[in-house]
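Participant: Contents are TSV, C-alpha atoms and all ligand atoms; file name model.tsv:
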```
chain	number	residue	atom	x	y	z
A	289	MET	CA	-21.30	13.59	2.63
A	290	ILE	CA	-17.60	13.34	3.43
A	291	GLY	CA	-15.49	12.11	0.52
A	292	ILE	CA	-12.17	10.33	0.93
A	293	PRO	CA	-9.53	13.01	1.54
A	294	ARG	CA	-6.59	12.74	-0.84
A	295	ASP	CA	-3.11	14.18	-0.52
A	296	GLN	CA	-3.00	12.45	2.86
A	297	TRP	CA	-0.97	9.83	4.67
A	298	TYR	CA	-2.79	6.61	5.55
A	299	VAL	CA	-1.78	3.51	7.45
A	300	ALA	CA	-1.59	0.71	4.90
A	301	ALA	CA	-0.40	-2.11	7.14
A	302	TYR	CA	1.47	-3.10	10.26
A	303	SER	CA	5.18	-3.50	9.64
A	304	SER	CA	4.82	-7.10	10.77
A	305	GLU	CA	2.43	-7.84	7.89
A	306	ILE	CA	4.99	-7.14	5.19
A	307	GLY	CA	7.79	-9.59	4.58
A	308	GLN	CA	9.71	-10.84	1.58
A	309	GLU	CA	6.60	-11.91	-0.27
A	310	LEU	CA	4.00	-10.03	-2.31
A	311	PHE	CA	1.29	-8.35	-0.26
A	312	SER	CA	-1.60	-6.35	-1.64
A	313	ARG	CA	-4.04	-3.96	-0.03
A	314	THR	CA	-6.46	-1.45	-1.53
A	315	ILE	CA	-6.12	2.01	0.02
A	316	CYS	CA	-8.56	4.76	-1.01
A	317	SER	CA	-9.65	2.62	-3.97
A	318	GLU	CA	-6.05	2.23	-5.19
A	319	PRO	CA	-4.70	-1.35	-5.23
A	320	ILE	CA	-1.16	-1.23	-3.88
A	321	LEU	CA	1.51	-3.91	-3.94
A	322	PHE	CA	3.99	-4.15	-1.08
A	323	TRP	CA	7.00	-6.25	-0.33
A	324	ARG	CA	10.10	-5.97	1.82
A	325	THR	CA	13.33	-6.01	-0.15
A	326	ARG	CA	16.27	-8.10	0.96
A	327	SER	CA	17.79	-4.95	2.45
A	328	GLY	CA	14.68	-4.48	4.61
A	329	GLN	CA	12.99	-1.58	2.79
A	330	VAL	CA	9.25	-1.73	2.28
A	331	THR	CA	8.29	-0.90	-1.27
A	332	ALA	CA	4.85	0.27	-2.46
A	333	VAL	CA	3.82	0.35	-6.11
A	334	SER	CA	0.59	0.02	-8.05
A	335	ASP	CA	-0.71	-3.54	-8.04
A	336	ARG	CA	-1.63	-3.45	-11.72
A	337	CYS	CA	0.76	-4.51	-14.47
A	338	VAL	CA	1.10	-1.68	-17.00
A	339	HIS	CA	0.66	-4.19	-19.84
A	340	ARG	CA	-2.81	-5.69	-19.38
A	341	ARG	CA	-3.43	-4.80	-15.74
A	342	PHE	CA	-2.91	-8.27	-14.28
A	343	PRO	CA	-2.57	-7.85	-10.48
A	344	LEU	CA	1.06	-8.41	-9.60
A	345	SER	CA	0.05	-9.75	-6.20
A	346	GLN	CA	-1.77	-12.66	-7.83
A	347	SER	CA	-0.25	-16.02	-8.60
A	348	PRO	CA	1.51	-16.90	-10.83
A	349	SER	CA	3.10	-13.43	-10.50
A	350	ARG	CA	6.12	-13.81	-8.27
A	351	LEU	CA	9.06	-12.15	-6.64
A	352	VAL	CA	12.52	-13.02	-7.98
A	353	ASP	CA	15.49	-11.31	-6.31
A	354	ASP	CA	13.61	-8.11	-5.41
A	355	GLN	CA	11.98	-7.94	-8.85
A	356	VAL	CA	8.34	-8.72	-9.40
A	357	VAL	CA	7.56	-10.77	-12.50
A	358	CYS	CA	4.03	-10.50	-13.87
A	359	GLY	CA	2.40	-13.91	-14.01
A	360	TYR	CA	0.55	-13.16	-17.26
A	361	HIS	CA	3.24	-12.26	-19.86
A	362	GLY	CA	6.36	-11.67	-17.79
A	363	PHE	CA	6.80	-7.89	-17.55
A	364	THR	CA	9.34	-7.47	-14.75
A	365	TYR	CA	9.66	-4.52	-12.35
A	366	GLY	CA	12.14	-3.36	-9.73
A	367	PRO	CA	11.26	-2.09	-6.22
A	368	ASP	CA	10.93	1.47	-7.57
A	369	GLY	CA	8.31	0.27	-10.06
A	370	LYS	CA	10.54	0.69	-13.12
A	371	CYS	CA	10.13	-2.01	-15.73
A	372	THR	CA	13.37	-3.91	-16.23
A	373	ALA	CA	12.33	-6.55	-18.77
A	374	VAL	CA	9.53	-7.23	-21.24
A	375	PRO	CA	9.01	-10.35	-23.32
A	376	GLY	CA	9.97	-10.57	-27.00
A	377	GLN	CA	11.99	-7.35	-27.31
A	378	THR	CA	14.94	-5.62	-25.71
A	379	ARG	CA	13.50	-2.10	-25.90
A	380	ILE	CA	11.56	-1.28	-22.75
A	381	PRO	CA	8.85	1.34	-23.33
A	382	ARG	CA	9.71	4.59	-21.55
A	383	THR	CA	6.33	4.71	-19.78
A	384	ALA	CA	6.58	1.18	-18.44
A	385	ARG	CA	6.60	1.97	-14.75
A	386	LEU	CA	4.33	1.02	-11.90
A	387	GLN	CA	3.25	4.07	-9.95
A	388	PRO	CA	5.39	4.26	-6.79
A	389	TYR	CA	3.87	5.53	-3.55
A	390	PRO	CA	5.68	7.63	-0.92
A	391	LEU	CA	6.10	5.35	2.07
A	392	VAL	CA	7.23	5.76	5.67
A	393	GLU	CA	7.60	2.99	8.21
A	394	GLN	CA	7.45	4.19	11.81
A	395	ASP	CA	5.85	3.27	15.14
A	396	SER	CA	5.32	-0.29	13.77
A	397	LEU	CA	3.04	1.13	11.07
A	398	VAL	CA	3.48	1.38	7.29
A	399	TRP	CA	2.17	4.71	6.02
A	400	VAL	CA	1.52	5.50	2.36
A	401	PHE	CA	0.69	8.83	0.79
A	402	ILE	CA	-2.40	8.89	-1.41
A	403	GLY	CA	-2.57	11.77	-3.84
A	404	ASP	CA	0.02	14.06	-5.40
A	405	PRO	CA	3.44	12.68	-4.31
A	406	ALA	CA	4.91	16.20	-4.50
A	407	LYS	CA	2.79	17.05	-1.44
A	408	ALA	CA	4.02	14.14	0.68
A	409	ASP	CA	5.70	15.56	3.78
A	410	ALA	CA	6.85	12.75	6.06
A	411	ALA	CA	7.16	15.17	8.98
A	412	SER	CA	3.39	15.66	8.98
A	413	ILE	CA	2.64	12.02	9.82
A	414	PRO	CA	1.14	11.80	13.32
A	415	ARG	CA	3.08	9.65	15.78
A	416	ALA	CA	2.07	6.75	18.02
A	417	PRO	CA	5.39	5.96	19.70
A	418	TYR	CA	3.98	3.60	22.37
A	419	LEU	CA	3.25	1.01	19.68
A	420	ASP	CA	6.97	0.47	19.38
A	421	SER	CA	8.45	1.52	22.74
A	422	PRO	CA	10.21	-0.59	25.38
A	423	GLY	CA	7.94	0.68	28.20
A	424	TYR	CA	4.80	-0.70	26.57
A	425	THR	CA	3.38	-4.01	25.45
A	426	THR	CA	1.03	-3.90	22.49
A	427	VAL	CA	-1.63	-6.17	21.07
A	428	ALA	CA	-3.09	-5.28	17.69
A	429	GLY	CA	-5.26	-6.37	14.81
A	430	MET	CA	-7.21	-5.18	11.80
A	431	GLU	CA	-10.84	-5.85	11.04
A	432	PRO	CA	-12.33	-5.29	7.59
A	433	LEU	CA	-15.32	-2.96	7.88
A	434	LYS	CA	-17.96	-2.74	5.17
A	435	ALA	CA	-18.84	0.84	6.01
A	436	ARG	CA	-17.52	4.25	4.97
A	437	PHE	CA	-14.65	5.57	7.05
A	438	SER	CA	-16.63	8.58	8.32
A	439	LEU	CA	-18.98	6.27	10.24
A	440	LEU	CA	-15.99	4.87	12.13
A	441	VAL	CA	-14.78	8.41	12.85
A	442	ASP	CA	-18.21	9.26	14.32
A	443	ASN	CA	-18.12	6.07	16.36
A	444	LEU	CA	-14.70	6.63	17.88
A	445	LEU	CA	-15.22	10.31	18.67
A	446	ASP	CA	-18.32	9.58	20.74
A	447	LEU	CA	-17.52	6.95	23.34
A	448	SER	CA	-20.88	7.30	25.09
A	449	HIS	CA	-21.83	4.31	22.92
A	450	GLU	CA	-19.60	2.13	25.11
A	451	THR	CA	-22.34	2.01	27.72
A	452	TYR	CA	-24.85	0.53	25.27
A	453	LEU	CA	-22.89	-1.27	22.56
A	454	HIS	CA	-20.03	-2.55	24.73
A	455	GLY	CA	-21.72	-3.28	28.07
A	456	GLY	CA	-19.92	-6.11	29.87
A	457	TYR	CA	-16.62	-5.26	28.12
A	458	ILE	CA	-15.65	-1.59	28.33
A	459	GLY	CA	-19.03	0.04	28.91
A	460	THR	CA	-20.39	1.13	32.29
A	461	PRO	CA	-23.22	3.59	33.10
A	462	GLU	CA	-20.75	6.38	33.92
A	463	VAL	CA	-19.40	6.65	30.36
A	464	ALA	CA	-22.69	7.80	28.87
A	465	ALA	CA	-23.57	9.80	31.99
A	466	THR	CA	-20.39	11.90	32.15
A	467	PRO	CA	-20.21	15.04	29.98
A	468	ILE	CA	-17.31	15.57	27.60
A	469	THR	CA	-15.17	18.55	26.73
A	470	THR	CA	-14.16	19.10	23.12
A	471	GLU	CA	-11.28	21.24	21.91
A	472	VAL	CA	-10.09	21.78	18.37
A	473	ASP	CA	-6.48	22.66	17.65
A	474	GLU	CA	-6.75	24.01	14.12
A	475	ASP	CA	-3.01	24.67	13.76
A	476	ALA	CA	-2.01	21.15	14.75
A	477	GLY	CA	-5.03	19.64	12.98
A	478	VAL	CA	-6.17	17.73	16.07
A	479	VAL	CA	-9.55	17.21	17.73
A	480	HIS	CA	-9.39	16.57	21.48
A	481	VAL	CA	-12.29	15.03	23.39
A	482	SER	CA	-12.03	14.35	27.11
A	483	ARG	CA	-14.21	12.56	29.58
A	484	HIS	CA	-12.95	12.23	33.15
A	485	MET	CA	-14.92	9.88	35.38
A	486	ASP	CA	-13.69	10.29	38.94
A	487	ASP	CA	-15.76	7.58	40.60
A	488	ALA	CA	-16.81	4.89	38.18
A	489	GLU	CA	-17.47	1.20	37.96
A	490	CYS	CA	-14.46	-0.71	36.65
A	491	PRO	CA	-15.44	-2.59	33.47
A	492	PRO	CA	-14.13	-6.15	32.99
A	493	PHE	CA	-11.66	-4.99	30.31
A	494	TYR	CA	-9.75	-3.00	32.94
A	495	ALA	CA	-10.61	-5.02	36.08
A	496	LYS	CA	-9.12	-8.21	34.64
A	497	SER	CA	-6.10	-6.56	33.04
A	498	THR	CA	-5.09	-4.24	35.92
A	499	GLY	CA	-6.36	-6.24	38.90
A	500	LEU	CA	-8.05	-3.11	40.33
A	501	GLN	CA	-11.14	-3.91	42.35
A	502	GLY	CA	-14.17	-1.74	43.02
A	503	ARG	CA	-14.64	1.84	41.94
A	504	ILE	CA	-12.02	3.62	39.86
A	505	SER	CA	-11.01	6.92	38.42
A	506	ARG	CA	-11.22	6.52	34.63
A	507	TRP	CA	-10.06	9.17	32.19
A	508	GLN	CA	-10.58	9.06	28.46
A	509	ASP	CA	-8.59	11.62	26.49
A	510	ILE	CA	-9.02	11.36	22.74
A	511	GLU	CA	-6.60	12.87	20.26
A	512	TYR	CA	-7.77	12.52	16.67
A	513	THR	CA	-5.61	13.69	13.78
A	514	PRO	CA	-7.83	13.51	10.70
A	515	PRO	CA	-8.10	11.62	8.58
A	516	CYS	CA	-6.28	8.52	9.77
A	517	LEU	CA	-4.86	8.44	13.28
A	518	TYR	CA	-6.99	8.21	16.43
A	519	LYS	CA	-5.50	7.83	19.89
A	520	LEU	CA	-7.41	7.25	23.11
A	521	HIS	CA	-5.24	7.91	26.15
A	522	SER	CA	-6.95	5.87	28.83
A	523	ARG	CA	-5.99	6.34	32.49
A	524	ILE	CA	-7.25	3.91	35.12
A	525	ALA	CA	-6.48	4.54	38.80
A	526	PRO	CA	-7.88	4.11	42.30
A	527	VAL	CA	-10.54	6.71	43.15
A	528	GLY	CA	-8.90	9.95	44.33
A	529	SER	CA	-5.57	9.34	42.62
A	530	VAL	CA	-4.32	12.09	40.32
A	531	PRO	CA	-1.03	12.46	38.45
A	532	ASN	CA	1.80	14.27	40.28
A	533	PRO	CA	2.61	17.87	39.29
A	534	ASP	CA	5.75	16.63	37.50
A	535	GLY	CA	3.61	14.37	35.31
A	536	SER	CA	4.59	11.11	36.99
A	537	ASP	CA	1.62	8.91	37.75
A	538	PRO	CA	2.75	5.83	39.67
A	539	ASP	CA	-0.67	4.72	40.96
A	540	ALA	CA	-2.30	4.69	37.55
A	541	PHE	CA	-2.47	2.20	34.70
A	542	HIS	CA	-2.16	3.70	31.25
A	543	VAL	CA	-3.60	2.18	28.12
A	544	GLU	CA	-3.09	3.78	24.75
A	545	VAL	CA	-5.80	2.64	22.37
A	546	VAL	CA	-4.81	3.48	18.82
A	547	TYR	CA	-6.94	3.21	15.71
A	548	ALA	CA	-5.88	3.85	12.16
A	549	ILE	CA	-8.92	4.60	10.07
A	550	THR	CA	-8.00	3.85	6.47
A	551	PRO	CA	-10.57	3.96	3.67
A	552	GLU	CA	-10.41	0.90	1.45
A	553	THR	CA	-13.11	2.21	-0.90
A	554	GLU	CA	-15.85	4.79	-0.52
A	555	HIS	CA	-17.91	2.20	1.33
A	556	SER	CA	-15.36	0.09	3.16
A	557	THR	CA	-12.62	0.69	5.69
A	558	HIS	CA	-9.55	-0.97	7.15
A	559	ASP	CA	-10.17	-0.78	10.90
A	560	PHE	CA	-6.67	-1.07	12.43
A	561	TRP	CA	-6.69	-1.27	16.24
A	562	ALA	CA	-3.95	-1.52	18.81
A	563	VAL	CA	-3.90	-1.56	22.61
A	564	ALA	CA	-0.61	-0.57	24.25
A	565	ARG	CA	-0.26	-0.81	28.03
A	566	ASP	CA	2.40	0.30	30.50
A	567	PHE	CA	1.79	-2.48	33.05
A	568	ALA	CA	2.04	-6.29	33.19
A	569	LEU	CA	4.47	-5.96	30.31
A	570	ASP	CA	5.52	-9.60	30.22
A	571	ASP	CA	2.20	-11.14	31.21
A	572	GLN	CA	1.01	-13.17	28.24
A	573	GLU	CA	-2.35	-13.83	29.89
A	574	VAL	CA	-3.03	-10.11	30.07
A	575	SER	CA	-1.95	-9.75	26.44
A	576	ASP	CA	-4.24	-12.57	25.33
A	577	PHE	CA	-7.14	-11.19	27.36
A	578	LEU	CA	-6.80	-7.65	26.01
A	579	ALA	CA	-6.37	-8.86	22.43
A	580	GLU	CA	-9.43	-11.06	22.54
A	581	ASN	CA	-11.56	-8.53	24.41
A	582	ASN	CA	-10.62	-5.59	22.24
A	583	ARG	CA	-11.25	-7.60	19.09
A	584	THR	CA	-14.70	-8.47	20.42
A	585	VAL	CA	-15.36	-4.79	21.10
A	586	VAL	CA	-14.17	-3.82	17.62
A	587	LEU	CA	-16.41	-6.48	16.09
A	588	GLN	CA	-19.38	-5.11	18.04
A	589	ASP	CA	-18.69	-1.76	16.37
A	590	VAL	CA	-18.20	-3.43	12.98
A	591	THR	CA	-21.62	-5.10	13.25
A	592	ALA	CA	-23.33	-1.83	14.21
A	593	LEU	CA	-21.54	0.25	11.58
A	594	GLU	CA	-22.28	-2.23	8.80
A	595	ILE	CA	-25.99	-1.96	9.69
A	596	LEU	CA	-25.63	1.82	9.64
A	597	GLU	CA	-23.83	1.77	6.28
A	598	ARG	CA	-26.75	-0.09	4.72
A	599	VAL	CA	-29.14	2.49	6.17
A	600	VAL	CA	-27.09	5.50	5.06
A	601	ALA	CA	-26.43	4.08	1.59
A	602	THR	CA	-30.14	3.75	0.84
A	603	GLU	CA	-31.50	6.96	2.32
A	604	PRO	CA	-31.99	10.15	0.32
A	605	GLU	CA	-29.19	12.75	0.33
A	606	GLY	CA	-29.67	15.45	2.95
A	607	TYR	CA	-31.22	13.35	5.73
A	608	GLN	CA	-31.21	15.47	8.89
A	609	GLU	CA	-29.63	13.89	11.95
A	610	LEU	CA	-30.20	15.22	15.44
A	611	SER	CA	-27.04	16.06	17.36
A	612	ILE	CA	-26.59	16.70	21.09
A	613	ASN	CA	-23.70	17.44	23.44
A	614	ILE	CA	-22.13	14.00	23.07
A	615	ASP	CA	-21.65	14.71	19.36
A	616	THR	CA	-19.41	17.77	19.65
A	617	GLY	CA	-16.25	15.72	19.05
A	618	GLY	CA	-17.70	13.93	16.05
A	619	LEU	CA	-19.01	17.18	14.58
A	620	ALA	CA	-15.62	18.86	15.06
A	621	ALA	CA	-13.97	15.93	13.29
A	622	ARG	CA	-16.44	16.16	10.41
A	623	ARG	CA	-15.75	19.87	10.04
A	624	MET	CA	-12.03	19.24	9.92
A	625	LEU	CA	-12.44	16.42	7.39
A	626	LYS	CA	-14.61	18.64	5.22
A	627	ARG	CA	-12.03	21.41	5.39
A	628	ILE	CA	-9.25	19.01	4.42
A	629	GLY	CA	-11.43	17.80	1.55
A	630	ALA	CA	-12.19	21.33	0.38
A	631	GLN	CA	-8.52	22.37	0.50
A	632	GLN	CA	-7.32	19.34	-1.32
A	633	GLN	CA	-8.39	17.29	-4.22
A	634	SER	CA	-11.07	14.94	-2.94
A	635	VAL	CA	-12.80	11.89	-4.35
A	636	PRO	CA	-16.51	12.56	-3.79
A	637	ALA	CA	-18.33	9.80	-1.95
A	638	ARG	CA	-21.28	8.29	-3.75
A	639	SER	CA	-24.07	6.65	-1.89
A	701	LIG	S1	-0.49	-8.28	-17.95
A	701	LIG	FE1	1.44	-8.27	-17.02
A	701	LIG	S2	2.79	-8.91	-18.56
A	701	LIG	FE2	0.86	-8.83	-19.54
A	702	FE	FE	-17.05	1.10	20.06
```
Show the structure stored in the file as structure tokens.

Facilitator:
Amino acid sequence: MIGIPRDQWYVAAYSSEIGQELFSRTICSEPILFWRTRSGQVTAVSDRCVHRRFPLSQSPSRLVDDQVVCGYHGFTYGPDGKCTAVPGQTRIPRTARLQPYPLVEQDSLVWVFIGDPAKADAASIPRAPYLDSPGYTTVAGMEPLKARFSLLVDNLLDLSHETYLHGGYIGTPEVAATPITTEVDEDAGVVHVSRHMDDAECPPFYAKSTGLQGRISRWQDIEYTPPCLYKLHSRIAPVGSVPNPDGSDPDAFHVEVVYAITPETEHSTHDFWAVARDFALDDQEVSDFLAENNRTVVLQDVTALEILERVVATEPEGYQELSINIDTGGLAARRMLKRIGAQQQSVPARS
């Protein structure tokens, strides 16, 4: 069983979700309150009043000039979580402070550090620059998933399921039929899984968005940085086309499919997904098509994984799965997650 790794950075939200109003999301079983101050900073503090635990995100709690006022008895806090006023007395108890969370906003994502704040190193956050780059257009969403995060990791590391679960969208026979290569970069903490299909059917997801007809060359190169960030570098091109030696690749269409896999609780997950493309940048129809199609695909996974969660949650500990070649990426990811969990303080998962 893989517990939720602590002392880790997790995506808590898209930047666009957090404005100058109270916003709450539970990350790794910790309810966190966010808002954007008038100077534009995103703040993250515990969403529980230190007095009687009333959630500060709940009405009638409210934001007044960058201070949050508890809707129960009026304890008031600044963006750093420090209590600035209590009712009925001028002395503010020394311990009256909402726990602040280390926070970094980059690549259109809001990252928070869960665990010991002294271990929060912003430089270790994996990057996804295409989500916020001029050469790309991105569509994105987040689906709530009532399944443990490790089931989503398994799902994303083994794309052979596209053929069966996502037929008619992104699945074609060649995905399941083509072997993968798996490489683990222990130093960088990255699992790479590649599947290069050199003569494959073009699924509707790519046919309609790129306009390519007939057979295609389709490359899937996965880069997973446990626990949270998953990137699928997808290359779609006419059969026979390969990138130039200098790395330029003018005949190909590139789609960066990014997932942030953020545990909400031990048995539920925030399934953030984004699709960034380097073509048809201003074409709203393509954007709408990719957004709707990818959401459908994500929901197909959500349905399957919620079934699986119910199965896993009720079976005895130690059930033996059978793994084959397609599972090497998922198994490598599990090993890395277990190692992270063993090295660091970890909340054990209960089933
Ligand atoms: S619970 Fe917040 S002021 Fe009492
Ligand atoms: Fe899927």

Participant: For A:Ser522, find every residue with an atom within 12 Å (counting all atoms listed in the file), except residues of its own chain fewer than 4 positions away, and show them as a list of chain:residue names.

Facilitator: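 In the requested form, the answer reads A:Leu447, A:Ile458, A:Val481, A:Ser482, A:Arg483, A:His484, A:Met485, A:Phe493, A:Tyr494, A:Ser505, A:Arg506, A:Trp507, A:Gln508, A:Asp509, A:Ile510, A:Glu511, A:Ala540, A:Phe541, A:His542, A:Val543, A:Glu544, A:Val545, A:Val546, A:Val563, A:Ala564, A:Arg565, A:Asp566.
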
Participant: Any idea what's packed within 10 Å of A:Ile614, counting all atoms listed in the file, ignoring anything in its chain fewer than 4 positions away? Could you give it as a VMD selection string?

Facilitator: chain A and resid 445 to 449 464 to 470 481 618 to 619

Participant: Around ligand FE 702 (chain A), which protein and nucleic acid residues have at least one atom no more than 8 Å from it, if we count all atoms listed in the file? List them as a list in words.

Facilitator: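 The neighbouring residues of ligand FE 702 (chain A) are, in order, Asn443, Leu444, Leu447, His449, Glu450, Leu453, His454, Val585, Val586, Gln588 and Asp589 of chain A.
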
Participant: Kindly indicate which residue among A:Ala621, A:Leu321, A:Ala301, A:Ala384 lies nearest to A:Arg340, using all atoms listed in the file for the distances.

Facilitator: A:Ala384

Participant: Which chains and residue numbers are within 8 Å of ligand LIG 701 (chain A), counting only C-alpha atoms and all ligand atoms, if I want them as a list of chain:residue names?

Facilitator: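 Based on only C-alpha atoms and all ligand atoms, ligand LIG 701 (chain A) is surrounded within 8 Å by A:Arg336, A:Cys337, A:Val338, A:His339, A:Arg340, A:Arg341, A:Phe342, A:Pro343, A:Leu344, A:Val357, A:Cys358, A:Gly359, A:Tyr360, A:His361, A:Gly362, A:Phe363, A:Thr364, A:Val374, A:Pro375.
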
Participant: Could you pull the residues within 9 Å of A:Gln501, counting all atoms listed in the file, minus those fewer than 3 positions along the same chain, as a PyMOL selection string?

Facilitator: chain A and resi 490+495+498+504+526

Participant: Compile the contact shell of A:Gln355 as a list in words: residues with an atom at most 12 Å away, counting only C-alpha atoms, same-chain residues fewer than 6 positions apart removed.

Facilitator: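 Contacts, in chain order: Gln308, Glu309, Leu310, Phe322, Trp323, Arg324, Thr325, Arg326, Thr331, Val333, Leu344, Ser349, Gly362, Phe363, Thr364, Tyr365, Gly366, Pro367, Asp368, Gly369, Lys370, Cys371, Thr372 and Ala373 of chain A.
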
Participant: In the coordinates of the file, take the point (-14.5, 15.3, 8.8) and a cut-off of 10 Å; then, counting all atoms listed in the file, name each qualifying protein, DNA or RNA residue as a PyMOL selection string.

Facilitator: chain A and resi 289-293+437-438+441-442+514-515+618-629

Participant: Please produce a file of those selected residues containing C-alpha atoms, as an mmCIF file, in the frame of the given file.

Facilitator:
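See selection.cif below for the written result:
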```cif
data_model
loop_
_atom_site.group_PDB
_atom_site.id
_atom_site.type_symbol
_atom_site.label_atom_id
_atom_site.label_comp_id
_atom_site.auth_asym_id
_atom_site.auth_seq_id
_atom_site.Cartn_x
_atom_site.Cartn_y
_atom_site.Cartn_z
ATOM 1 C CA MET A 289 -21.300 13.590 2.630
ATOM 2 C CA ILE A 290 -17.600 13.340 3.430
ATOM 3 C CA GLY A 291 -15.490 12.110 0.520
ATOM 4 C CA ILE A 292 -12.170 10.330 0.930
ATOM 5 C CA PRO A 293 -9.530 13.010 1.540
ATOM 6 C CA PHE A 437 -14.650 5.570 7.050
ATOM 7 C CA SER A 438 -16.630 8.580 8.320
ATOM 8 C CA VAL A 441 -14.780 8.410 12.850
ATOM 9 C CA ASP A 442 -18.210 9.260 14.320
ATOM 10 C CA PRO A 514 -7.830 13.510 10.700
ATOM 11 C CA PRO A 515 -8.100 11.620 8.580
ATOM 12 C CA GLY A 618 -17.700 13.930 16.050
ATOM 13 C CA LEU A 619 -19.010 17.180 14.580
ATOM 14 C CA ALA A 620 -15.620 18.860 15.060
ATOM 15 C CA ALA A 621 -13.970 15.930 13.290
ATOM 16 C CA ARG A 622 -16.440 16.160 10.410
ATOM 17 C CA ARG A 623 -15.750 19.870 10.040
ATOM 18 C CA MET A 624 -12.030 19.240 9.920
ATOM 19 C CA LEU A 625 -12.440 16.420 7.390
ATOM 20 C CA LYS A 626 -14.610 18.640 5.220
ATOM 21 C CA ARG A 627 -12.030 21.410 5.390
ATOM 22 C CA ILE A 628 -9.250 19.010 4.420
ATOM 23 C CA GLY A 629 -11.430 17.800 1.550
#
```

Participant: For a test of reading the model, state the distance in Å between atom CA of A:Ser396 and atom CA of A:Ser303, rounded to one decimal.

Facilitator: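 That distance, rounded to one decimal, is 5.2 Å.
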
Participant: For stretch 423-435 of chain A, find every residue with an atom within 8 Å (counting all atoms listed in the file), except residues of its own chain fewer than 4 positions away, and show them as an MDAnalysis selection string.

Facilitator: chainID A and resid 418:419 439:440 555:567 569:570 575 578:579 583 586:587 590 593:594 596:597

Participant: Since we have the selection now, will you write its residues out, keeping C-alpha atoms, as an mmCIF file, keeping the file's coordinate frame?

Facilitator:
```cif
data_model
loop_
_atom_site.group_PDB
_atom_site.id
_atom_site.type_symbol
_atom_site.label_atom_id
_atom_site.label_comp_id
_atom_site.auth_asym_id
_atom_site.auth_seq_id
_atom_site.Cartn_x
_atom_site.Cartn_y
_atom_site.Cartn_z
ATOM 1 C CA TYR A 418 3.980 3.600 22.370
ATOM 2 C CA LEU A 419 3.250 1.010 19.680
ATOM 3 C CA LEU A 439 -18.980 6.270 10.240
ATOM 4 C CA LEU A 440 -15.990 4.870 12.130
ATOM 5 C CA HIS A 555 -17.910 2.200 1.330
ATOM 6 C CA SER A 556 -15.360 0.090 3.160
ATOM 7 C CA THR A 557 -12.620 0.690 5.690
ATOM 8 C CA HIS A 558 -9.550 -0.970 7.150
ATOM 9 C CA ASP A 559 -10.170 -0.780 10.900
ATOM 10 C CA PHE A 560 -6.670 -1.070 12.430
ATOM 11 C CA TRP A 561 -6.690 -1.270 16.240
ATOM 12 C CA ALA A 562 -3.950 -1.520 18.810
ATOM 13 C CA VAL A 563 -3.900 -1.560 22.610
ATOM 14 C CA ALA A 564 -0.610 -0.570 24.250
ATOM 15 C CA ARG A 565 -0.260 -0.810 28.030
ATOM 16 C CA ASP A 566 2.400 0.300 30.500
ATOM 17 C CA PHE A 567 1.790 -2.480 33.050
ATOM 18 C CA LEU A 569 4.470 -5.960 30.310
ATOM 19 C CA ASP A 570 5.520 -9.600 30.220
ATOM 20 C CA SER A 575 -1.950 -9.750 26.440
ATOM 21 C CA LEU A 578 -6.800 -7.650 26.010
ATOM 22 C CA ALA A 579 -6.370 -8.860 22.430
ATOM 23 C CA ARG A 583 -11.250 -7.600 19.090
ATOM 24 C CA VAL A 586 -14.170 -3.820 17.620
ATOM 25 C CA LEU A 587 -16.410 -6.480 16.090
ATOM 26 C CA VAL A 590 -18.200 -3.430 12.980
ATOM 27 C CA LEU A 593 -21.540 0.250 11.580
ATOM 28 C CA GLU A 594 -22.280 -2.230 8.800
ATOM 29 C CA LEU A 596 -25.630 1.820 9.640
ATOM 30 C CA GLU A 597 -23.830 1.770 6.280
#
```

Participant: Atom CA of A:Val330 and atom CA of A:Asp354, how far apart in Å?

Facilitator: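 Spanning atom CA of A:Asp354 to atom CA of A:Val330 is a straight-line distance of 10.9 Å.
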
Participant: Give the answer as one residue: which of A:Ser317, A:Thr513, A:Thr451, A:Gln632 has the shortest atom-to-atom distance to A:Val472, using only C-alpha atoms?

Facilitator: A:Thr513

Participant: Can you tell me how far atom CA of A:Glu318 sits from atom CA of A:Glu603, in Å to one decimal?

Facilitator: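 Spanning atom CA of A:Glu318 to atom CA of A:Glu603 is a straight-line distance of 27.0 Å.
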
Participant: With distances taken over only C-alpha atoms, which of A:Gln631, A:Pro538, A:Tyr457, A:Ala601 is nearest to A:Thr584?

Facilitator: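 For A:Thr584, the nearest of the candidates is A:Tyr457.
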
Participant: Nearest to A:Thr616 among A:Ala406, A:Val479, A:Ile413, A:Val527, with distances taken over all atoms listed in the file: which residue is it?

Facilitator: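 Among the listed residues, the smallest separation from A:Thr616 belongs to A:Val479.
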